[in-house]
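J.: Got a structure for you, run25.txt, holding compact mmCIF, C-alpha atoms.
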# COMPACT_ATOMS: atom_id res chain seq x y z
CA MET A 3 -3.45 -5.86 -18.54
CA LEU A 4 -5.66 -5.70 -15.44
CA THR A 5 -8.82 -6.17 -17.50
CA LYS A 6 -7.24 -9.16 -19.20
CA ILE A 7 -6.39 -10.68 -15.83
CA LEU A 8 -9.91 -10.09 -14.49
CA VAL A 9 -11.52 -11.60 -17.57
CA ASN A 10 -9.16 -14.54 -17.36
CA SER A 11 -9.97 -14.99 -13.67
CA GLY A 12 -13.62 -15.39 -14.53
CA CYS A 13 -12.90 -17.84 -17.31
CA VAL A 14 -10.54 -19.81 -15.11
CA ALA A 15 -13.16 -20.11 -12.40
CA LEU A 16 -15.78 -21.22 -14.89
CA LEU A 17 -13.82 -23.48 -17.20
CA VAL A 18 -10.72 -24.75 -15.48
CA GLY A 19 -12.15 -24.81 -11.98
CA CYS A 20 -14.84 -27.29 -12.94
CA THR A 21 -12.48 -29.81 -14.49
CA THR A 22 -8.95 -29.45 -13.08
CA PRO A 23 -8.15 -29.45 -9.37
CA LEU A 24 -6.62 -26.10 -8.54
CA TYR A 25 -5.16 -24.59 -5.42
CA ASP A 26 -4.73 -20.87 -4.81
CA VAL A 27 -1.62 -19.90 -2.95
CA ALA A 28 -0.53 -16.48 -1.72
CA ILE A 29 2.90 -15.46 -2.84
CA GLU A 30 5.13 -12.53 -2.15
CA THR A 31 7.73 -11.63 -4.76
CA PRO A 32 10.64 -9.87 -3.10
CA LEU A 33 11.83 -6.68 -4.82
CA THR A 34 15.59 -6.66 -5.03
CA PRO A 35 16.77 -3.87 -2.74
CA LYS A 36 18.61 -1.16 -4.61
CA LEU A 37 21.03 -0.82 -1.79
CA ASP A 38 22.16 -3.09 1.02
CA ILE A 39 21.55 -0.97 4.10
CA SER A 40 21.84 -3.84 6.57
CA LYS A 41 25.20 -2.58 7.89
CA PHE A 42 23.87 0.89 8.68
CA GLN A 43 21.91 1.95 11.72
CA ARG A 44 21.90 5.66 10.98
CA VAL A 45 21.49 7.91 7.97
CA LEU A 46 22.90 11.39 7.56
CA ILE A 47 21.21 13.67 5.06
CA ALA A 48 24.29 15.79 4.62
CA GLY A 49 23.10 18.39 2.13
CA PHE A 50 23.06 18.96 -1.59
CA VAL A 51 24.90 20.99 -4.16
CA SER A 52 22.02 22.96 -5.60
CA GLY A 53 21.64 25.32 -8.50
CA GLY A 54 19.18 26.76 -10.97
CA THR A 55 17.06 29.28 -9.14
CA ASN A 56 17.19 31.18 -5.86
CA GLU A 57 13.41 31.10 -5.50
CA VAL A 58 13.69 27.83 -3.56
CA ASN A 59 16.56 26.85 -1.30
CA ALA A 60 16.73 23.37 -2.83
CA ASN A 61 19.53 22.28 -0.50
CA GLN A 62 17.58 23.03 2.68
CA GLU A 63 14.18 21.96 1.35
CA THR A 64 15.43 18.65 -0.03
CA ALA A 65 17.28 17.79 3.17
CA ARG A 66 14.22 18.71 5.27
CA LEU A 67 11.84 16.72 3.08
CA LEU A 68 14.02 13.60 2.99
CA ARG A 69 14.60 13.69 6.73
CA SER A 70 10.89 13.85 7.50
CA GLN A 71 10.08 11.12 4.96
CA LEU A 72 12.83 8.83 6.24
CA ARG A 73 11.77 9.30 9.84
CA ARG A 74 8.36 7.94 8.83
CA ASN A 75 9.37 5.31 6.29
CA SER A 76 12.75 3.94 7.27
CA GLU A 77 14.09 1.92 10.14
CA LEU A 78 17.32 3.88 10.03
CA GLN A 79 17.80 6.55 12.62
CA VAL A 80 17.89 9.95 10.93
CA ILE A 81 20.71 12.10 12.28
CA ASP A 82 19.79 15.65 13.26
CA SER A 83 22.49 17.97 12.05
CA ASP A 84 22.92 21.24 10.23
CA VAL A 85 22.51 20.95 6.49
CA LEU A 86 25.93 21.41 4.93
CA PRO A 87 26.39 24.27 2.43
CA LEU A 88 27.84 21.84 -0.07
CA LEU A 89 28.06 24.37 -2.90
CA ASP A 90 30.41 26.49 -0.76
CA ILE A 91 32.38 23.45 0.34
CA ALA A 92 32.72 22.15 -3.21
CA THR A 93 33.91 25.56 -4.38
CA ASP A 94 36.45 25.79 -1.55
CA GLN A 95 37.69 22.30 -2.30
CA PHE A 96 38.04 23.12 -5.95
CA GLU A 97 39.88 26.34 -5.31
CA SER A 98 42.29 24.76 -2.86
CA SER A 99 43.01 21.89 -5.24
CA GLU A 100 43.49 24.43 -8.01
CA ARG A 101 46.00 26.38 -5.97
CA GLY A 102 47.83 23.16 -5.25
CA SER A 103 47.92 21.93 -8.80
CA ALA A 104 48.96 24.05 -11.75
CA SER A 105 47.84 21.34 -14.09
CA LEU A 106 44.24 22.15 -13.31
CA GLN A 107 44.55 25.56 -14.91
CA ASP A 108 43.33 24.31 -18.26
CA ASN A 109 40.29 22.58 -16.77
CA PRO A 110 36.94 24.32 -16.53
CA THR A 111 36.15 25.63 -13.07
CA PRO A 112 33.05 24.44 -11.25
CA ARG A 113 31.67 27.94 -11.68
CA GLY A 114 32.07 27.62 -15.40
CA GLY A 115 33.79 31.00 -15.38
CA SER A 116 36.82 32.67 -13.94
CA THR A 117 39.11 31.28 -11.29
CA ASP A 118 39.85 34.63 -9.74
CA GLY A 119 38.56 33.70 -6.31
CA THR A 120 35.01 35.01 -6.05
CA ASN A 121 34.03 35.82 -2.47
CA ASP A 122 31.92 33.32 -0.55
CA ASP A 123 29.24 36.00 -0.32
CA ASP A 124 28.78 35.73 -4.06
CA LEU A 125 28.05 32.01 -3.92
CA THR A 126 24.33 32.43 -3.40
CA GLY A 127 24.33 34.52 -6.53
CA LEU A 128 25.94 31.63 -8.34
CA ILE A 129 22.93 29.38 -7.75
CA ASP A 130 20.66 31.65 -9.73
CA GLY A 131 20.94 30.89 -13.41
CA MET A 132 23.48 28.10 -12.91
CA THR A 133 23.22 25.61 -15.74
CA GLU A 134 23.00 21.85 -15.27
CA GLU A 135 26.42 21.47 -16.88
CA THR A 136 27.98 23.85 -14.38
CA LEU A 137 26.30 22.02 -11.51
CA GLU A 138 27.76 18.76 -12.80
CA SER A 139 31.26 20.17 -12.52
CA TYR A 140 30.75 20.42 -8.74
CA GLU A 141 30.31 16.65 -8.55
CA THR A 142 34.03 16.25 -7.95
CA ILE A 143 33.20 16.74 -4.26
CA PHE A 144 31.53 13.32 -4.18
CA ALA A 145 34.76 11.68 -5.30
CA ASN A 146 36.62 13.23 -2.37
CA ILE A 147 36.68 10.02 -0.31
CA GLY A 148 38.67 11.60 2.53
CA TYR A 149 36.09 14.33 3.06
CA TRP A 150 33.17 11.90 3.31
CA ARG A 151 35.11 9.46 5.45
CA ASP A 152 35.93 12.27 7.91
CA LEU A 153 32.30 13.34 7.94
CA GLY A 154 31.23 9.72 8.49
CA GLU A 155 33.66 9.35 11.37
CA GLU A 156 32.13 12.40 13.02
CA TYR A 157 28.69 10.72 13.00
CA GLN A 158 29.74 7.10 13.71
CA ASP A 159 29.85 5.80 10.16
CA PRO A 160 26.30 6.37 8.94
CA LEU A 161 24.93 6.00 5.45
CA ILE A 162 25.35 9.48 3.96
CA LEU A 163 22.78 10.79 1.51
CA THR A 164 23.90 13.73 -0.57
CA GLY A 165 23.93 14.76 -4.24
CA THR A 166 23.04 17.58 -6.58
CA ILE A 167 19.69 19.31 -7.06
CA TYR A 168 19.00 21.34 -10.16
CA PHE A 169 15.75 23.27 -9.93
CA SER A 170 15.14 25.92 -12.53
CA PRO A 171 12.39 27.83 -14.31
CA HIS A 172 11.53 26.29 -17.60
CA SER A 173 9.32 27.35 -20.46
CA ARG A 174 8.13 25.71 -23.58
CA SER A 175 5.79 26.79 -26.31
CA GLY A 176 3.93 24.50 -28.62
CA MET A 177 0.68 22.87 -29.53
CA VAL A 178 -1.41 21.55 -26.65
CA THR A 179 -4.70 19.68 -26.64
CA ARG A 180 -7.50 21.23 -24.66
CA GLU A 181 -11.12 20.28 -24.16
CA ARG A 182 -13.64 22.87 -25.33
CA GLU A 183 -17.33 22.90 -24.50
CA VAL A 184 -19.69 23.12 -27.46
CA TYR A 185 -23.49 23.07 -27.65
CA ASP A 186 -25.36 21.50 -30.52
CA SER A 187 -28.58 22.79 -32.04
CA PHE A 188 -30.59 20.99 -29.32
CA GLY A 189 -28.63 22.76 -26.57
CA ARG A 190 -26.80 19.60 -25.55
CA ARG A 191 -23.35 20.15 -24.13
CA ARG A 192 -20.35 18.14 -25.21
CA THR A 193 -16.63 18.60 -25.14
CA VAL A 194 -14.37 18.45 -28.13
CA PRO A 195 -10.57 18.34 -28.13
CA ILE A 196 -8.94 21.31 -29.79
CA ARG A 197 -5.29 21.91 -30.52
CA THR A 198 -3.97 25.36 -29.70
CA TYR A 199 -0.61 27.01 -29.57
CA ARG A 200 0.36 27.91 -26.01
CA ASP A 201 3.19 29.48 -24.10
CA ARG A 202 3.77 27.39 -21.04
CA GLU A 203 5.98 28.04 -18.07
CA GLY A 204 7.02 25.93 -15.17
CA PHE A 205 10.01 24.28 -13.59
CA VAL A 206 12.40 21.45 -14.16
CA LEU A 207 13.78 19.42 -11.26
CA SER A 208 16.79 17.23 -11.87
CA PRO A 209 18.26 15.71 -8.71
CA LYS A 210 21.06 13.21 -8.43
CA PHE A 211 20.98 11.33 -5.14
CA ILE A 212 24.31 9.94 -4.04
CA PHE A 213 24.58 7.37 -1.26
CA ILE A 214 27.96 7.23 0.44
CA ASP A 215 29.24 4.70 2.95
CA GLY A 216 30.31 6.87 5.90
CA ALA A 217 32.88 4.29 7.00
CA THR A 218 34.82 4.31 3.74
CA GLY A 219 33.75 7.54 2.03
CA ILE A 220 32.96 5.56 -1.10
CA THR A 221 29.82 6.10 -3.18
CA VAL A 222 27.72 2.95 -2.98
CA TYR A 223 24.72 3.93 -5.05
CA THR A 224 23.59 6.77 -7.29
CA GLU A 225 20.12 7.56 -8.53
CA GLN A 226 19.24 10.29 -11.00
CA HIS A 227 15.84 11.71 -11.93
CA ARG A 228 14.47 14.43 -14.13
CA GLU A 229 10.95 15.76 -14.01
CA GLU A 230 9.35 18.90 -15.35
CA ILE A 231 6.07 20.62 -14.84
CA LEU A 232 4.50 23.20 -17.12
CA TYR A 233 1.56 25.49 -16.54
CA ASP A 234 -0.30 27.89 -18.72
CA ALA A 235 1.76 31.09 -18.87
CA SER A 236 -1.14 33.03 -17.34
CA GLN A 237 -1.00 30.86 -14.19
CA ASN A 238 1.25 32.08 -11.45
CA THR A 239 2.33 28.97 -9.56
CA PRO A 240 4.80 29.49 -6.72
CA ALA A 241 8.19 27.86 -7.22
CA LEU A 242 8.03 26.08 -3.86
CA SER A 243 4.75 24.30 -4.62
CA SER A 244 6.13 23.21 -8.01
CA TYR A 245 9.24 21.94 -6.27
CA PHE A 246 7.18 19.80 -3.88
CA GLU A 247 4.95 18.55 -6.67
CA LEU A 248 7.98 17.40 -8.65
CA MET A 249 9.66 15.93 -5.58
CA ASP A 250 6.51 13.91 -4.82
CA ARG A 251 6.94 12.08 -8.12
CA MET A 252 10.47 10.98 -7.26
CA LEU A 253 10.19 10.26 -3.55
CA PRO A 254 8.81 6.69 -3.79
CA SER A 255 11.78 5.65 -5.87
CA VAL A 256 14.27 7.30 -3.52
CA LEU A 257 12.61 5.82 -0.43
CA ASN A 258 12.63 2.37 -2.04
CA ALA A 259 16.39 2.42 -1.71
CA PHE A 260 15.96 2.31 2.06
CA SER A 261 13.61 -0.61 2.43
CA THR A 262 13.08 -4.12 1.21
CA GLN A 263 9.69 -4.33 -0.42
CA SER A 264 7.68 -7.07 -2.03
CA VAL A 265 4.85 -7.52 -4.49
CA GLN A 266 2.00 -9.52 -3.01
CA GLY A 267 -0.42 -11.61 -5.02
CA SER A 268 -1.87 -15.05 -5.50
CA ARG A 269 -1.21 -17.79 -8.03
CA THR A 270 -2.94 -21.04 -8.86
CA LEU A 271 -1.28 -24.42 -8.62
CA PHE A 272 -2.56 -27.13 -10.93
CA ARG A 273 -2.44 -30.93 -10.87
CA MET B 9 5.77 -64.42 -42.61
CA LEU B 10 8.61 -62.14 -41.63
CA GLN B 11 6.51 -59.02 -42.17
CA PRO B 12 3.72 -59.86 -39.63
CA ILE B 13 6.38 -60.69 -37.02
CA SER B 14 8.11 -57.35 -37.48
CA TRP B 15 4.78 -55.51 -37.26
CA THR B 16 3.95 -57.40 -34.08
CA LEU B 17 7.34 -56.48 -32.63
CA ALA B 18 6.87 -52.86 -33.57
CA LEU B 19 3.41 -52.84 -32.01
CA LEU B 20 4.72 -54.48 -28.84
CA LEU B 21 7.47 -51.88 -28.68
CA LEU B 22 4.98 -49.04 -29.13
CA VAL B 23 2.61 -50.44 -26.51
CA GLY B 24 5.57 -51.06 -24.20
CA THR B 25 6.78 -47.47 -24.62
CA GLY B 26 3.25 -46.24 -24.03
CA VAL B 27 3.04 -48.18 -20.79
CA VAL B 28 6.36 -46.75 -19.62
CA ARG B 29 5.21 -43.25 -20.51
CA ALA B 30 1.93 -43.76 -18.71
CA ASP B 31 3.88 -44.89 -15.66
CA GLU B 32 6.11 -41.87 -15.88
CA ARG B 33 3.11 -39.57 -16.16
CA SER B 34 1.56 -41.29 -13.19
CA ASP B 35 4.79 -40.92 -11.15
CA ALA B 36 5.09 -37.32 -12.27
CA ARG B 37 1.54 -36.68 -11.16
CA ASP B 38 2.34 -38.16 -7.75
CA GLN B 39 5.28 -35.80 -7.48
CA VAL B 40 3.12 -32.84 -8.48
CA ASP B 41 0.47 -33.80 -5.89
CA PHE B 42 3.08 -34.19 -3.21
CA GLY B 43 4.60 -30.84 -4.21
CA ILE B 44 1.19 -29.18 -3.86
CA GLU B 45 0.70 -30.70 -0.43
CA VAL B 46 4.04 -29.50 0.90
CA ALA B 47 3.72 -26.10 -0.76
CA ARG B 48 0.38 -25.56 0.98
CA ARG B 49 2.18 -26.26 4.24
CA GLY B 50 4.78 -23.66 3.36
CA LEU B 51 7.58 -26.08 2.45
CA TRP B 52 8.38 -24.45 -0.86
CA LYS B 53 11.92 -25.77 -1.25
CA GLU B 54 10.63 -29.33 -0.96
CA ALA B 55 7.89 -28.44 -3.44
CA ILE B 56 10.48 -27.16 -5.92
CA TYR B 57 12.37 -30.44 -5.60
CA ARG B 58 9.17 -32.43 -6.24
CA TRP B 59 8.17 -30.40 -9.26
CA TYR B 60 11.64 -30.65 -10.75
CA ARG B 61 11.33 -34.45 -10.27
CA ALA B 62 7.96 -34.39 -12.01
CA ILE B 63 9.47 -32.51 -14.95
CA ASP B 64 12.37 -34.97 -15.14
CA LEU B 65 9.85 -37.77 -15.38
CA ASP B 66 7.59 -36.01 -17.82
CA PRO B 67 8.97 -32.85 -19.43
CA THR B 68 5.63 -32.30 -21.23
CA TYR B 69 3.68 -31.87 -17.98
CA ALA B 70 2.55 -28.22 -18.20
CA ALA B 71 1.03 -28.10 -14.69
CA ALA B 72 4.38 -29.19 -13.20
CA TRP B 73 6.12 -26.35 -15.07
CA ASN B 74 3.43 -23.91 -13.90
CA ASN B 75 3.78 -24.97 -10.27
CA LEU B 76 7.55 -24.86 -10.46
CA ALA B 77 7.35 -21.35 -11.92
CA ILE B 78 5.17 -20.20 -8.99
CA ALA B 79 7.57 -21.67 -6.46
CA LEU B 80 10.60 -20.12 -8.15
CA GLU B 81 8.80 -16.79 -8.29
CA ARG B 82 8.08 -17.04 -4.61
CA GLU B 83 11.74 -17.75 -3.92
CA GLY B 84 12.76 -14.67 -5.90
CA GLN B 85 14.36 -16.65 -8.74
CA LEU B 86 12.54 -14.60 -11.32
CA GLU B 87 14.53 -15.42 -14.45
CA GLU B 88 14.10 -19.14 -13.80
CA ALA B 89 10.41 -18.57 -13.04
CA LEU B 90 9.97 -16.72 -16.33
CA GLU B 91 11.50 -19.64 -18.22
CA ALA B 92 9.30 -22.15 -16.39
CA TYR B 93 6.11 -20.16 -17.11
CA GLU B 94 7.10 -19.93 -20.77
CA ASN B 95 7.69 -23.68 -20.91
CA ALA B 96 4.27 -24.28 -19.34
CA LEU B 97 2.57 -22.01 -21.88
CA ASP B 98 4.50 -23.55 -24.78
CA LEU B 99 3.11 -26.92 -23.75
CA GLU B 100 -0.43 -25.68 -23.13
CA PRO B 101 -0.85 -22.33 -24.88
CA ASN B 102 -4.61 -22.26 -24.29
CA HIS B 103 -4.55 -23.00 -20.55
CA LEU B 104 -6.25 -19.92 -19.10
CA GLY B 105 -5.07 -20.65 -15.58
CA ILE B 106 -1.42 -20.78 -16.55
CA GLU B 107 -1.89 -17.71 -18.72
CA GLN B 108 -3.39 -15.82 -15.79
CA ASN B 109 -0.52 -16.82 -13.50
CA TYR B 110 1.90 -15.72 -16.20
CA ASP B 111 0.20 -12.31 -16.61
CA LEU B 112 0.30 -11.71 -12.86
CA PHE B 113 3.92 -12.79 -12.79
CA LEU B 114 4.80 -10.37 -15.58
CA GLU B 115 3.30 -7.48 -13.61
CA ALA B 116 5.46 -8.34 -10.60
CA TYR B 117 8.47 -8.99 -12.84
CA ASP B 118 8.15 -5.52 -14.43
CA ARG B 119 7.98 -3.89 -11.00
CA VAL B 120 11.05 -5.74 -9.83
CA ASN B 121 12.95 -4.70 -12.93
CA GLN B 122 11.81 -1.09 -12.56
CA ASN B 123 13.01 -1.13 -8.99
CA SER B 124 16.44 -2.46 -9.83
CA ARG B 125 16.93 -0.01 -12.71
Would you mind writing the file's structure down as structure tokens?
T.:
Amino acid sequence: MLTKILVNSGCVALLVGCTTPLYDVAIETPLTPKLDISKFQRVLIAGFVSGGTNEVNANQETARLLRSQLRRNSELQVIDSDVLPLLDIATDQFESSERGSASLQDNPTPRGGSTDGTNDDDLTGLIDGMTEETLESYETIFANIGYWRDLGEEYQDPLILTGTIYFSPHSRSGMVTREREVYDSFGRRRTVPIRTYRDREGFVLSPKFIFIDGATGITVYTEQHREEILYDASQNTPALSSYFELMDRMLPSVLNAFSTQSVQGSRTLFR
Amino acid sequence: MLQPISWTLALLLLVGTGVVRADERSDARDQVDFGIEVARRGLWKEAIYRWYRAIDLDPTYAAAWNNLAIALEREGQLEEALEAYENALDLEPNHLGIEQNYDLFLEAYDRVNQNSR
């Protein structure tokens, strides 16, 4: 596309420019904001319900990363507060609602297992090996309008950013294309693509960012991503660096929700 | 005798229509020129009005459609801009300048749509 535009630019200058009066004008195409944040002055990164692996504390790391990015890239004031242990809170909420309603007995529990009241101490153990489906069952916490409204009231009705973060080891085996160096009879080096069967290991990161209006407790916008990264099985890449690498891919999109952006360019008017 | 008279009438009608169309094209061109002048001064809403007027006068005026598309794009009315660019290219499919504007527009349009997805 870019090459086509460049070639066309040359042709336009040569052909059209000589015959037709033309006027270049700068234009700025506004990108529709994903979210109207005009009513908010502050943003609270509350915390995340996280699951998948214990190697990275995805709740803490995500909250820390988003806070630092928003301090640099957003006009909203980022509220300093403790990151909420949302997995614990969601479990407590579920258990109390379960005690209060017998009709919930037939429903699956957020833990995807028994409802026999596992101790809070066991919750960290729950993160490890938690499936995406189980994590989804914790999303009922985001529908608890009263909880988020109370939290919003505590911090003067900010925009609340929360959600779920699934970060888990992931492996896949299959054919991959690699470049191999070969030398011909004259000793000249060249590379040829070869297909080989490989075991690859890495991580999958699947966050769901939920934006809640702190004044009403209502979800105003949701954004979901899924990214994976795979390395050769012989490589030993730390989970935390994989987490940041995957987060880097998603951050621009998440940060876009906080600012009005535009695409700048120029166009030519003709007579 | 009747036949030459009818031919003359037909010719007069054709010439007459041609004159009217030439006038309309001339008026449309004035509107386009005025639109360009005000657009270059930043008065894009006035420019949009002028280019719509030009199109009313001469719907086959590709440059008017192109200019209108640019102004609509600038105002964030992207669907309308897309339609105007397409009209311009339908009228002059080989106009490299319009084609280039259209390509650049499509890049921006894709980004906007990605953002709102």
J.: With all atoms listed in the file as the basis for distance, which of A:Glu225, A:Asp186, A:Glu57, A:Glu30 is at the shortest distance from B:Gly84?
T.: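 Nearest to B:Gly84: A:Glu30.
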J.: Taking a cut-off of 6 Å and counting all atoms listed in the file, can you build a table that, for each residue of chain B near chain A, reports the nearest atom pair and how far apart they are in Å (one decimal), sorted by chain then residue number, as JSON lines?
T.:
{"residue": "B:Ala71", "atom": "CA", "partner": "A:Phe272", "partner_atom": "CA", "distance": 5.3}
{"residue": "B:Asn75", "atom": "CA", "partner": "A:Leu271", "partner_atom": "CA", "distance": 5.4}
{"residue": "B:Arg82", "atom": "CA", "partner": "A:Thr31", "partner_atom": "CA", "distance": 5.4}
{"residue": "B:Gly84", "atom": "CA", "partner": "A:Pro32", "partner_atom": "CA", "distance": 5.9}
{"residue": "B:Leu104", "atom": "CA", "partner": "A:Val14", "partner_atom": "CA", "distance": 5.9}
{"residue": "B:Gly105", "atom": "CA", "partner": "A:Val14", "partner_atom": "CA", "distance": 5.6}
{"residue": "B:Gln108", "atom": "CA", "partner": "A:Ile7", "partner_atom": "CA", "distance": 6.0}
{"residue": "B:Asn109", "atom": "CA", "partner": "A:Arg269", "partner_atom": "CA", "distance": 5.6}
{"residue": "B:Val120", "atom": "CA", "partner": "A:Leu33", "partner_atom": "CA", "distance": 5.2}
{"residue": "B:Ser124", "atom": "CA", "partner": "A:Lys36", "partner_atom": "CA", "distance": 5.8}
J.: Work out how far atom CA of B:Asp118 is from atom CA of B:Leu86, in Å to one decimal.
T.: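 So the answer is 10.6 Å.
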J.: To one decimal place, how far is atom CA of B:Glu115 from atom CA of B:Leu90 in Å?
T.: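 Interatomic distance here is 11.7 Å.
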J.: Could you tell me how far atom CA of A:Ala241 sits from atom CA of A:Thr64, in Å to one decimal place?
T.: 13.7 Å
J.: So that I can check the surroundings of stretch 130-145 of chain A, please list as number ranges by chain every protein, DNA and RNA residue that reaches within 9 Å of it, counting all atoms listed in the file and ignoring chain neighbours fewer than 4 positions away.
T.: A: 51-57, 88-89, 91-93, 95-96, 110-114, 126, 149-150, 164-168, 170, 208, 212, 214, 219-221
J.: Could you list, as a ChimeraX atom specification, every residue within 12 Å of B:Glu32, counting all atoms listed in the file and ignoring same-chain residues fewer than 2 positions away?
T.: /B:25-30,34-39,61-69
J.: Fewer than 5 positions away in the same chain doesn't count, so skip those; otherwise give me all residues within 9 Å of B:Phe42, counting all atoms listed in the file, as JSON, numbers by chain.
T.: {"B": [37, 47, 55, 58, 59]}
J.: Using only C-alpha atoms, which protein or nucleic acid residues come within 12 Å of B:Val46? Drop anything in the same chain fewer than 2 positions from it, and give the result as JSON, numbers by chain.
T.: {"A": [27], "B": [39, 40, 41, 42, 43, 44, 48, 49, 50, 51, 52, 53, 54, 55, 56, 57, 58, 59, 79]}
J.: Closest to B:Ile106 among B:Ala70, B:Glu87, B:Glu45, B:Arg33, using all atoms listed in the file?
T.: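 Using all atoms listed in the file, B:Ile106 sits closest to B:Ala70.
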J.: Env of A:Leu86: 7 Å cut, atoms = only C-alpha atoms, seq-sep filter 2 positions within chain, self excluded. Answer as a list in words.
T.: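 With the cut-off at 7 Å, the set is Ala48, Gly49, Asp84 and Leu88 of chain A.
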J.: Looking at B:Tyr93, B:Trp73, B:Glu83, B:Arg119, which one is nearest to B:Glu107, with distances taken over all atoms listed in the file?
T.: B:Tyr93
J.: List every protein, DNA or RNA residue that has at least one atom no more than 10 Å from (23.5, -1.4, 7.8) in the file's coordinates, counting only C-alpha atoms, and write the result as a list in words.
T.: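 The answer, in the requested form, is Leu37, Asp38, Ile39, Ser40, Lys41, Phe42, Gln43, Arg44, Val45, Leu78, Asp159, Pro160, Leu161 and Asp215 of chain A.
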J.: Using all atoms listed in the file, which of B:Ile78, B:Tyr117, B:Asp31, B:Asp111 sits nearest B:Ala92?
T.: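 Closest candidate: B:Ile78.
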